[in-house]
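Note: the block below is target26.tsv and it holds TSV, C-alpha atoms.
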chain	number	residue	atom	x	y	z
A	1	MET	CA	-118.77	31.52	-36.66
A	2	LYS	CA	-116.39	28.94	-38.09
A	3	ASP	CA	-112.64	29.58	-38.28
A	4	TRP	CA	-112.40	28.72	-41.98
A	5	TRP	CA	-115.08	31.18	-43.10
A	6	ILE	CA	-113.95	34.09	-45.27
A	7	TYR	CA	-117.43	35.46	-45.90
A	8	LYS	CA	-119.37	35.76	-42.65
A	9	GLY	CA	-122.46	37.70	-43.67
A	10	ASP	CA	-121.51	40.56	-41.35
A	11	ARG	CA	-119.33	43.47	-42.44
A	12	ALA	CA	-118.65	44.36	-38.80
A	13	VAL	CA	-116.25	41.41	-38.71
A	14	PRO	CA	-112.79	42.50	-39.98
A	15	THR	CA	-112.02	40.93	-43.35
A	16	GLN	CA	-108.41	41.92	-44.15
A	17	ARG	CA	-106.88	38.86	-42.49
A	18	HIS	CA	-109.46	36.57	-44.04
A	19	LEU	CA	-108.90	37.95	-47.52
A	20	ALA	CA	-105.18	37.33	-47.03
A	21	ARG	CA	-106.01	33.72	-46.12
A	22	LEU	CA	-108.13	33.45	-49.24
A	23	ALA	CA	-105.18	34.59	-51.38
A	24	GLU	CA	-102.85	32.09	-49.67
A	25	HIS	CA	-105.06	29.03	-49.97
A	26	ARG	CA	-105.35	28.71	-53.71
A	27	PRO	CA	-105.86	25.23	-55.17
A	28	PRO	CA	-102.81	24.45	-57.36
A	29	TRP	CA	-105.12	23.87	-60.33
A	30	ARG	CA	-106.82	27.27	-59.84
A	31	VAL	CA	-103.80	29.59	-59.91
A	32	PHE	CA	-104.02	32.51	-62.34
A	33	GLU	CA	-101.16	34.87	-63.19
A	34	GLY	CA	-102.66	37.90	-64.90
A	35	GLU	CA	-100.43	40.98	-64.73
A	36	ILE	CA	-102.05	43.71	-62.65
A	37	ASP	CA	-102.42	47.15	-64.20
A	38	PRO	CA	-101.54	49.65	-61.43
A	39	GLY	CA	-103.56	52.32	-63.22
A	40	HIS	CA	-106.81	50.34	-63.05
A	41	ILE	CA	-108.70	51.40	-59.93
A	42	VAL	CA	-111.75	49.39	-58.88
A	43	PRO	CA	-114.56	51.66	-57.65
A	44	SER	CA	-115.21	51.61	-53.91
A	45	LEU	CA	-118.52	50.64	-52.37
A	46	ASP	CA	-118.05	53.69	-50.13
A	47	ASP	CA	-118.74	55.86	-53.19
A	48	GLU	CA	-122.19	57.41	-52.75
A	49	ARG	CA	-123.14	56.17	-56.23
A	50	TYR	CA	-123.29	52.66	-54.77
A	51	ALA	CA	-125.22	53.48	-51.59
A	52	ALA	CA	-128.17	51.38	-52.79
A	53	ASP	CA	-125.86	48.40	-53.39
A	54	CYS	CA	-124.45	48.76	-49.86
A	55	GLU	CA	-127.90	48.94	-48.32
A	56	ARG	CA	-129.04	45.90	-50.27
A	57	GLY	CA	-126.01	43.87	-49.25
A	58	ALA	CA	-126.18	44.90	-45.60
A	59	GLY	CA	-129.82	43.84	-45.37
A	60	TYR	CA	-129.23	40.21	-46.40
A	61	LEU	CA	-129.52	37.58	-43.69
A	62	ALA	CA	-127.52	34.45	-44.54
A	63	ASP	CA	-127.90	31.20	-42.59
A	64	ASP	CA	-125.02	28.86	-41.79
A	65	ASN	CA	-125.67	26.56	-44.74
A	66	GLU	CA	-125.55	29.48	-47.16
A	67	ILE	CA	-122.36	30.82	-45.58
A	68	ASP	CA	-120.76	27.37	-45.73
A	69	LEU	CA	-121.41	27.05	-49.46
A	70	VAL	CA	-120.38	30.63	-50.28
A	71	ASN	CA	-117.06	29.99	-48.59
A	72	THR	CA	-116.68	26.66	-50.36
A	73	ALA	CA	-117.01	28.49	-53.68
A	74	LEU	CA	-114.57	31.21	-52.54
A	75	LEU	CA	-111.86	28.80	-51.44
A	76	LEU	CA	-112.18	26.55	-54.51
A	77	ARG	CA	-112.45	29.49	-56.95
A	78	ARG	CA	-115.62	28.04	-58.39
A	79	PRO	CA	-118.92	29.66	-59.48
A	80	LEU	CA	-121.82	29.49	-57.04
A	81	LEU	CA	-125.09	28.35	-58.66
A	82	VAL	CA	-127.93	29.62	-56.45
A	83	THR	CA	-131.37	28.12	-57.02
A	84	GLY	CA	-134.69	29.14	-55.47
A	85	VAL	CA	-138.09	30.59	-56.23
A	86	PRO	CA	-138.30	34.31	-57.06
A	87	GLY	CA	-138.07	36.60	-54.05
A	88	VAL	CA	-135.94	34.48	-51.70
A	89	GLY	CA	-132.85	36.70	-52.04
A	90	LYS	CA	-130.69	34.88	-54.61
A	91	SER	CA	-129.44	38.06	-56.27
A	92	THR	CA	-129.10	39.87	-52.93
A	93	LEU	CA	-126.63	37.24	-51.78
A	94	ALA	CA	-124.13	38.56	-54.37
A	95	TYR	CA	-124.49	42.08	-52.96
A	96	SER	CA	-124.01	40.71	-49.45
A	97	ILE	CA	-120.70	39.07	-50.44
A	98	ALA	CA	-119.44	42.30	-52.06
A	99	HIS	CA	-120.50	44.37	-49.04
A	100	ASP	CA	-119.15	41.93	-46.45
A	101	LEU	CA	-115.71	41.58	-48.05
A	102	GLY	CA	-115.38	45.10	-49.49
A	103	LEU	CA	-114.97	43.86	-53.06
A	104	GLY	CA	-116.37	46.88	-54.88
A	105	PRO	CA	-119.73	47.24	-56.63
A	106	VAL	CA	-121.35	44.12	-58.03
A	107	LEU	CA	-120.97	43.55	-61.77
A	108	ARG	CA	-124.41	42.42	-62.96
A	109	TRP	CA	-125.14	40.51	-66.15
A	110	PRO	CA	-128.92	39.98	-66.55
A	111	ILE	CA	-129.52	37.01	-68.85
A	112	THR	CA	-132.14	36.86	-71.59
A	113	SER	CA	-132.89	34.21	-74.22
A	114	ARG	CA	-130.75	36.20	-76.68
A	115	ALA	CA	-127.68	36.59	-74.46
A	116	THR	CA	-124.37	35.30	-75.85
A	117	LEU	CA	-120.95	34.83	-74.33
A	118	ARG	CA	-119.61	37.79	-76.26
A	119	ASP	CA	-122.35	40.04	-74.82
A	120	GLY	CA	-120.93	39.38	-71.37
A	121	LEU	CA	-117.28	39.69	-72.40
A	122	TYR	CA	-117.22	42.85	-74.51
A	123	ARG	CA	-119.03	45.04	-77.01
A	124	TYR	CA	-117.33	46.41	-80.13
A	125	ASP	CA	-119.10	49.22	-81.95
A	126	ALA	CA	-117.71	48.63	-85.45
A	127	LEU	CA	-120.43	50.68	-87.13
A	128	ARG	CA	-119.67	53.81	-85.15
A	129	ARG	CA	-115.97	53.34	-85.81
A	130	LEU	CA	-116.60	53.11	-89.55
A	131	GLU	CA	-118.79	56.22	-89.49
A	132	ASP	CA	-116.14	58.19	-87.58
A	133	ALA	CA	-113.42	57.02	-90.01
A	134	ASN	CA	-115.46	58.12	-93.02
A	135	LEU	CA	-116.17	61.48	-91.42
A	136	ALA	CA	-112.46	61.96	-90.66
A	137	ARG	CA	-111.55	61.22	-94.29
A	138	MET	CA	-114.12	63.70	-95.55
A	139	ARG	CA	-112.73	66.40	-93.29
A	140	ALA	CA	-109.14	65.62	-94.25
A	141	ALA	CA	-109.83	65.58	-98.01
A	142	PRO	CA	-113.08	67.45	-98.68
A	143	ASP	CA	-112.33	67.80	-102.41
A	144	GLU	CA	-111.60	64.15	-103.03
A	145	SER	CA	-113.98	62.83	-105.61
A	146	PRO	CA	-115.94	59.70	-104.69
A	147	GLU	CA	-115.48	58.59	-108.29
A	148	ALA	CA	-111.70	58.37	-107.90
A	149	ASP	CA	-110.10	55.31	-109.43
A	150	GLU	CA	-110.13	52.59	-106.79
A	151	GLY	CA	-107.10	51.00	-108.43
A	152	ASP	CA	-104.97	54.02	-107.48
A	153	ARG	CA	-105.76	53.62	-103.78
A	154	GLU	CA	-103.72	51.42	-101.51
A	155	THR	CA	-105.54	48.83	-99.48
A	156	GLU	CA	-105.34	48.81	-95.69
A	157	GLU	CA	-102.86	45.92	-95.85
A	158	GLU	CA	-100.59	48.01	-98.13
A	159	ARG	CA	-100.67	51.06	-95.85
A	160	PRO	CA	-99.05	50.41	-92.47
A	161	SER	CA	-99.87	53.94	-91.39
A	162	ASP	CA	-103.58	53.17	-91.66
A	163	ARG	CA	-103.14	50.00	-89.60
A	164	LYS	CA	-101.27	52.01	-86.92
A	165	ALA	CA	-104.03	54.61	-86.87
A	166	ALA	CA	-106.59	51.84	-86.48
A	167	ALA	CA	-104.70	50.48	-83.49
A	168	ASP	CA	-104.58	53.92	-81.90
A	169	GLY	CA	-108.34	54.46	-82.15
A	170	ILE	CA	-110.03	51.10	-81.67
A	171	GLY	CA	-110.11	51.34	-77.87
A	172	ARG	CA	-112.66	54.14	-78.10
A	173	TYR	CA	-115.15	51.73	-79.62
A	174	LEU	CA	-114.62	48.70	-77.39
A	175	ARG	CA	-116.04	48.25	-73.89
A	176	LEU	CA	-115.76	45.23	-71.64
A	177	GLY	CA	-119.04	43.78	-70.42
A	178	PRO	CA	-119.70	42.68	-66.83
A	179	LEU	CA	-118.17	39.23	-67.41
A	180	GLY	CA	-115.11	40.69	-69.13
A	181	THR	CA	-114.63	43.34	-66.43
A	182	ALA	CA	-114.82	40.69	-63.69
A	183	PHE	CA	-111.80	38.90	-65.21
A	184	LEU	CA	-109.51	41.92	-65.29
A	185	PRO	CA	-106.40	41.08	-63.20
A	186	ALA	CA	-106.58	42.47	-59.65
A	187	GLU	CA	-105.38	41.55	-56.16
A	188	ARG	CA	-108.95	41.22	-54.88
A	189	PRO	CA	-111.71	39.39	-56.74
A	190	ARG	CA	-114.76	41.19	-58.11
A	191	VAL	CA	-118.28	39.90	-57.53
A	192	LEU	CA	-120.12	39.00	-60.75
A	193	LEU	CA	-123.86	38.35	-60.65
A	194	VAL	CA	-125.11	36.32	-63.64
A	195	ASP	CA	-128.81	36.78	-63.03
A	196	GLU	CA	-131.44	34.22	-64.08
A	197	ILE	CA	-129.15	32.00	-66.15
A	198	ASP	CA	-131.99	29.55	-66.69
A	199	LYS	CA	-133.43	32.03	-69.23
A	200	CYS	CA	-130.36	31.62	-71.47
A	201	ASP	CA	-129.97	29.96	-74.83
A	202	ILE	CA	-129.13	26.27	-74.63
A	203	ASP	CA	-125.50	26.88	-75.71
A	204	LEU	CA	-124.51	29.58	-73.18
A	205	PRO	CA	-123.64	27.31	-70.19
A	206	GLY	CA	-121.27	25.33	-72.42
A	207	ASP	CA	-119.79	28.49	-73.91
A	208	LEU	CA	-119.01	29.77	-70.42
A	209	LEU	CA	-116.93	26.73	-69.48
A	210	THR	CA	-113.65	27.82	-71.11
A	211	VAL	CA	-113.70	31.26	-69.48
A	212	LEU	CA	-114.65	29.84	-66.07
A	213	ASP	CA	-112.01	27.10	-66.29
A	214	GLU	CA	-109.09	29.12	-67.65
A	215	GLY	CA	-109.88	32.51	-66.14
A	216	ARG	CA	-109.07	34.20	-69.43
A	217	PHE	CA	-110.45	35.23	-72.82
A	218	ASP	CA	-109.25	36.82	-76.04
A	219	ILE	CA	-110.46	39.90	-77.90
A	220	PRO	CA	-109.70	39.15	-81.59
A	221	GLU	CA	-110.22	42.76	-82.68
A	222	LEU	CA	-107.30	43.81	-80.45
A	223	ALA	CA	-105.16	40.72	-81.05
A	224	ARG	CA	-105.09	41.42	-84.81
A	225	LEU	CA	-103.51	44.82	-84.18
A	226	ALA	CA	-100.99	43.68	-81.56
A	227	ASP	CA	-98.05	43.86	-84.00
A	228	HIS	CA	-98.59	47.61	-84.30
A	229	GLN	CA	-99.66	48.33	-80.71
A	230	GLN	CA	-99.31	45.81	-77.92
A	231	THR	CA	-101.32	47.63	-75.24
A	232	MET	CA	-104.63	49.41	-75.76
A	233	THR	CA	-107.03	51.12	-73.38
A	234	VAL	CA	-110.72	50.18	-73.46
A	235	GLY	CA	-113.85	50.97	-71.49
A	236	THR	CA	-115.17	48.70	-68.74
A	237	ASP	CA	-118.54	47.97	-67.15
A	238	ASP	CA	-117.60	50.34	-64.30
A	239	PRO	CA	-118.79	53.83	-65.30
A	240	GLY	CA	-115.87	56.07	-66.25
A	241	VAL	CA	-113.22	53.39	-65.61
A	242	ARG	CA	-110.88	52.22	-68.38
A	243	ALA	CA	-108.44	49.33	-68.49
A	244	ARG	CA	-105.32	48.45	-70.46
A	245	ILE	CA	-105.38	45.24	-72.51
A	246	THR	CA	-102.15	43.67	-73.78
A	247	ALA	CA	-102.04	41.64	-77.00
A	248	GLY	CA	-105.82	41.33	-76.98
A	249	GLN	CA	-105.86	38.97	-73.99
A	250	VAL	CA	-107.49	39.30	-70.54
A	251	GLN	CA	-106.22	36.98	-67.81
A	252	CYS	CA	-107.48	37.23	-64.25
A	253	ARG	CA	-105.28	37.09	-61.16
A	254	ALA	CA	-107.87	36.78	-58.38
A	255	PHE	CA	-110.66	34.57	-59.72
A	256	PRO	CA	-113.95	36.50	-59.48
A	257	VAL	CA	-116.76	35.55	-57.14
A	258	VAL	CA	-119.28	34.35	-59.73
A	259	VAL	CA	-122.87	34.04	-58.46
A	260	LEU	CA	-125.28	32.49	-60.98
A	261	THR	CA	-128.96	32.58	-60.06
A	262	SER	CA	-131.62	30.18	-61.28
A	263	ASN	CA	-135.34	29.85	-60.63
A	264	GLY	CA	-135.05	26.10	-61.18
A	265	GLU	CA	-136.93	26.23	-64.47
A	266	ARG	CA	-134.47	24.15	-66.51
A	267	GLU	CA	-131.69	21.58	-66.27
A	268	PHE	CA	-128.06	22.38	-67.02
A	269	PRO	CA	-125.43	20.16	-68.70
A	270	PRO	CA	-123.45	17.90	-66.33
A	271	ALA	CA	-120.17	19.50	-67.47
A	272	PHE	CA	-121.49	22.89	-66.32
A	273	LEU	CA	-122.87	21.61	-63.01
A	274	ARG	CA	-119.61	19.82	-62.25
A	275	ARG	CA	-117.80	23.14	-62.21
A	276	CYS	CA	-120.28	24.87	-59.89
A	277	ILE	CA	-120.91	24.82	-56.16
A	278	ARG	CA	-124.67	24.46	-55.83
A	279	LEU	CA	-126.79	26.21	-53.22
A	280	THR	CA	-130.58	25.99	-52.87
A	281	ILE	CA	-132.23	28.76	-50.86
A	282	ASP	CA	-135.46	27.63	-49.21
A	283	LEU	CA	-138.43	29.83	-48.43
A	284	PRO	CA	-137.84	31.71	-45.15
A	285	GLU	CA	-140.11	30.72	-42.28
A	286	GLU	CA	-141.54	33.03	-39.62
A	287	GLU	CA	-138.44	33.33	-37.44
A	288	LYS	CA	-136.17	34.25	-40.34
A	289	LEU	CA	-138.78	36.63	-41.79
A	290	LEU	CA	-138.87	38.54	-38.52
A	291	ARG	CA	-135.07	38.79	-38.45
A	292	ILE	CA	-135.09	40.05	-42.05
A	293	ILE	CA	-137.69	42.70	-41.18
A	294	GLU	CA	-135.65	43.82	-38.16
A	295	ARG	CA	-132.44	44.09	-40.18
A	296	ARG	CA	-133.96	45.75	-43.24
A	297	ILE	CA	-136.46	48.12	-41.59
A	298	GLY	CA	-135.83	48.18	-37.84
A	299	PRO	CA	-137.06	46.81	-34.48
A	300	ASP	CA	-140.28	48.83	-34.57
A	301	ALA	CA	-141.27	47.05	-37.76
A	302	VAL	CA	-141.25	43.65	-36.02
A	303	ALA	CA	-144.14	44.68	-33.76
A	304	THR	CA	-146.08	45.83	-36.81
A	305	ALA	CA	-145.61	42.44	-38.47
A	306	THR	CA	-146.60	40.30	-35.47
A	307	GLY	CA	-149.65	40.05	-33.25
A	308	PRO	CA	-153.20	38.99	-34.07
A	309	ASP	CA	-153.57	41.71	-36.70
A	310	GLY	CA	-149.98	41.44	-37.96
A	311	LEU	CA	-148.81	40.69	-41.46
A	312	ILE	CA	-146.66	37.59	-40.93
A	313	ARG	CA	-149.58	35.20	-40.59
A	314	THR	CA	-151.35	36.71	-43.59
A	315	PHE	CA	-148.16	36.48	-45.64
A	316	LEU	CA	-147.52	32.82	-44.73
A	317	SER	CA	-151.17	31.90	-45.36
A	318	ARG	CA	-151.14	33.47	-48.81
A	319	ARG	CA	-147.76	31.96	-49.64
A	320	GLU	CA	-149.27	28.48	-49.24
A	321	ARG	CA	-151.55	29.21	-52.20
A	322	GLY	CA	-148.93	30.74	-54.51
A	323	GLU	CA	-145.44	32.22	-54.69
A	324	LEU	CA	-144.74	35.39	-52.72
A	325	GLY	CA	-141.45	37.27	-52.44
A	326	THR	CA	-140.01	38.45	-49.15
A	327	ASP	CA	-139.77	41.96	-50.59
A	328	GLN	CA	-143.58	41.97	-50.85
A	329	LEU	CA	-143.82	41.46	-47.10
A	330	LEU	CA	-141.32	44.27	-46.53
A	331	ASN	CA	-143.45	46.55	-48.72
A	332	ALA	CA	-146.55	45.76	-46.67
A	333	VAL	CA	-144.77	46.38	-43.36
A	334	GLN	CA	-143.35	49.67	-44.67
A	335	LEU	CA	-146.83	50.84	-45.67
A	336	ARG	CA	-148.20	50.12	-42.21
A	337	LEU	CA	-145.37	52.09	-40.62
A	338	ALA	CA	-146.33	54.98	-42.91
A	339	GLY	CA	-149.88	54.88	-41.51
A	340	ALA	CA	-151.62	53.05	-44.37
A	341	TRP	CA	-154.35	50.50	-43.57
A	342	THR	CA	-153.45	50.34	-39.87
A	343	ALA	CA	-156.86	49.24	-38.54
A	344	PRO	CA	-157.21	45.48	-37.88
A	345	GLU	CA	-160.14	45.23	-40.28
A	346	GLU	CA	-158.04	46.79	-43.07
A	347	ILE	CA	-155.40	44.06	-43.19
A	348	ARG	CA	-157.27	42.36	-46.06
A	349	GLN	CA	-157.06	45.54	-48.15
A	350	LEU	CA	-153.37	45.91	-47.39
A	351	ALA	CA	-152.71	42.28	-48.32
A	352	ASP	CA	-154.67	42.61	-51.57
A	353	ALA	CA	-152.57	45.64	-52.50
A	354	THR	CA	-149.13	44.26	-51.66
A	355	LEU	CA	-149.28	40.45	-51.35
A	356	GLN	CA	-150.54	39.43	-54.77
A	357	PRO	CA	-149.26	35.89	-55.58
A	358	LEU	CA	-146.63	35.58	-58.28
A	359	SER	CA	-147.86	32.16	-59.37
A	360	GLY	CA	-150.62	29.71	-58.61
A	361	PRO	CA	-154.40	29.82	-59.18
A	362	ASP	CA	-154.77	33.30	-57.59
A	363	ALA	CA	-152.03	34.96	-59.65
A	364	THR	CA	-153.18	37.78	-61.89
Let's see the structure in the file written out as structure tokens.
Amino acid sequence: MKDWWIYKGDRAVPTQRHLARLAEHRPPWRVFEGEIDPGHIVPSLDDERYAADCERGAGYLADDNEIDLVNTALLLRRPLLVTGVPGVGKSTLAYSIAHDLGLGPVLRWPITSRATLRDGLYRYDALRRLEDANLARMRAAPDESPEADEGDRETEEERPSDRKAAADGIGRYLRLGPLGTAFLPAERPRVLLVDEIDKCDIDLPGDLLTVLDEGRFDIPELARLADHQQTMTVGTDDPGVRARITAGQVQCRAFPVVVLTSNGEREFPPAFLRRCIRLTIDLPEEEKLLRIIERRIGPDAVATATGPDGLIRTFLSRRERGELGTDQLLNAVQLRLAGAWTAPEEIRQLADATLQPLSGPDAT
């Protein structure tokens, strides 16, 4: 292990001292001064709700090149753009970082062709708020005629009490998304997984640049009401956790660990690539596959995967004809351990059931 590594791919290695080093060695141009809310508690990965996240992160096997580039991104406070074919563990790397450094559950933003920057930052349910306001008025004045003269009613701008009431209630209808939650000010960074960014609309990478550069964003719906109420409490992407927002602005303190995954299906603008640390994960060969099996399933599984009737050779042979994910191999090994298709002559049946190619001429 190298002395400058913060992330080491092994939670057994103490991380407190290394996280302190990470906080100390901030590039002068990447210093952020968001004010920490002492009442905002980040969920712990030790919570049983996140047991699956822990298991996923603990099972990842990072090589030295991957660890080098993860730490480069950590120290420079830059996003990590991870490219590779499906099934090589791009997304799992984010869980490994969170598990290794104890940074809380991963905030995941799955990208589709319709995803926008605002989707990741926050959601505001204006329709529900309007419905609740109308219902409240009906309850407060059930006899008020809908045909009342509109000219006798004051507008919202003329009634400060209405504006104050709006400020008091808007937080119930606003929830930060995974991107917005990741930028809440905290002493330790959160891990944000932006999954399959190459599926996004052409404008999204450019739209992300301001947030990734400045470590901040505004919520106009809250900023407009700041004269009447400076601080408001809103929901976050962490279940049951709320956060206080001042003057409609979110400014990070510890820049989040942003992991963007790509299947290599499109090119990104140079301005976006310039701000990322780029990592390409290659297909794992036999030695690494065996180490992954041992870590994820156990030593007994290695014997099941090797030998003349083992699954490794079948997996590698089929992978030459089309894409296969490492998780497909793990599924096949797990089935054999459970007693399914254990006879040497049944390996073809097992492979047909679990090792179907994801692309290529044999894909179905």
Within 12 Å of A:Pro178, counting all atoms listed in the file, which residues show up once you throw out same-chain ones fewer than 3 positions away? Write them as number ranges by chain, please.
-> A: 105-111, 117-123, 175, 181-184, 190-195, 235-239, 256, 258
Dump as a CSV table (one decimal), in the coordinates of the input, selection limited to C-alpha atoms:
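As written to disk, again21.csv reads:
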chain,number,residue,atom,x,y,z
A,105,PRO,CA,-119.7,47.2,-56.6
A,106,VAL,CA,-121.4,44.1,-58.0
A,107,LEU,CA,-121.0,43.6,-61.8
A,108,ARG,CA,-124.4,42.4,-63.0
A,109,TRP,CA,-125.1,40.5,-66.2
A,110,PRO,CA,-128.9,40.0,-66.6
A,111,ILE,CA,-129.5,37.0,-68.8
A,117,LEU,CA,-121.0,34.8,-74.3
A,118,ARG,CA,-119.6,37.8,-76.3
A,119,ASP,CA,-122.4,40.0,-74.8
A,120,GLY,CA,-120.9,39.4,-71.4
A,121,LEU,CA,-117.3,39.7,-72.4
A,122,TYR,CA,-117.2,42.8,-74.5
A,123,ARG,CA,-119.0,45.0,-77.0
A,175,ARG,CA,-116.0,48.2,-73.9
A,181,THR,CA,-114.6,43.3,-66.4
A,182,ALA,CA,-114.8,40.7,-63.7
A,183,PHE,CA,-111.8,38.9,-65.2
A,184,LEU,CA,-109.5,41.9,-65.3
A,190,ARG,CA,-114.8,41.2,-58.1
A,191,VAL,CA,-118.3,39.9,-57.5
A,192,LEU,CA,-120.1,39.0,-60.8
A,193,LEU,CA,-123.9,38.4,-60.6
A,194,VAL,CA,-125.1,36.3,-63.6
A,195,ASP,CA,-128.8,36.8,-63.0
A,235,GLY,CA,-113.8,51.0,-71.5
A,236,THR,CA,-115.2,48.7,-68.7
A,237,ASP,CA,-118.5,48.0,-67.2
A,238,ASP,CA,-117.6,50.3,-64.3
A,239,PRO,CA,-118.8,53.8,-65.3
A,256,PRO,CA,-114.0,36.5,-59.5
A,258,VAL,CA,-119.3,34.4,-59.7
Tell me which protein, DNA and RNA residues are within 7 Å of A:Gln249, counting all atoms listed in the file, leaving out same-chain ones fewer than 5 positions away, and put them as a VMD selection string.
-> chain A and resid 217 to 219
Separating atom CA of A:Leu80 from atom CA of A:Thr261, to the nearest tenth of an Å, is a gap of 8.3 Å
Show me, as a tab-separated table (two decimals) with C-alpha atoms, in the frame of the given file, the residues that have an atom within 10 Å of A:Leu289 when counting only C-alpha atoms, minus same-chain residues fewer than 6 positions from it.
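File produced: part_29.tsv:
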chain	number	residue	atom	x	y	z
A	61	LEU	CA	-129.52	37.58	-43.69
A	283	LEU	CA	-138.43	29.83	-48.43
A	295	ARG	CA	-132.44	44.09	-40.18
A	302	VAL	CA	-141.25	43.65	-36.02
A	305	ALA	CA	-145.61	42.44	-38.47
A	312	ILE	CA	-146.66	37.59	-40.93
A	316	LEU	CA	-147.52	32.82	-44.73
A	326	THR	CA	-140.01	38.45	-49.15
A	329	LEU	CA	-143.82	41.46	-47.10
A	330	LEU	CA	-141.32	44.27	-46.53
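Near stretch 338-352 of chain A, within 10 Å and counting all atoms listed in the file, sit Thr304, Pro308, Asp309, Gly310, Leu311, Thr314, Phe315, Arg318, Gln328, Leu329, Ala332, Val333 and Pro357 of chain A, not including residues fewer than 5 positions from it in the same chain.
Atom CA of A:Leu225 to atom CA of A:Leu208 spans 25.6 Å [interatomic distance, one decimal].
Near A:Gln230, within 9 Å and counting only C-alpha atoms, sit Leu222, Ala223, Ile245, Thr246, Ala247 and Gly248 of chain A; same-chain residues fewer than 6 positions away were not included.
Taking atom CA of A:Cys54 and atom CA of A:Asp282 as the two end points, the separation is 23.8 Å.
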Between A:Gly180, A:Pro205, A:Pro38, A:Gly84, smallest distance to A:Leu273 by all atoms listed in the file belongs to A:Pro205
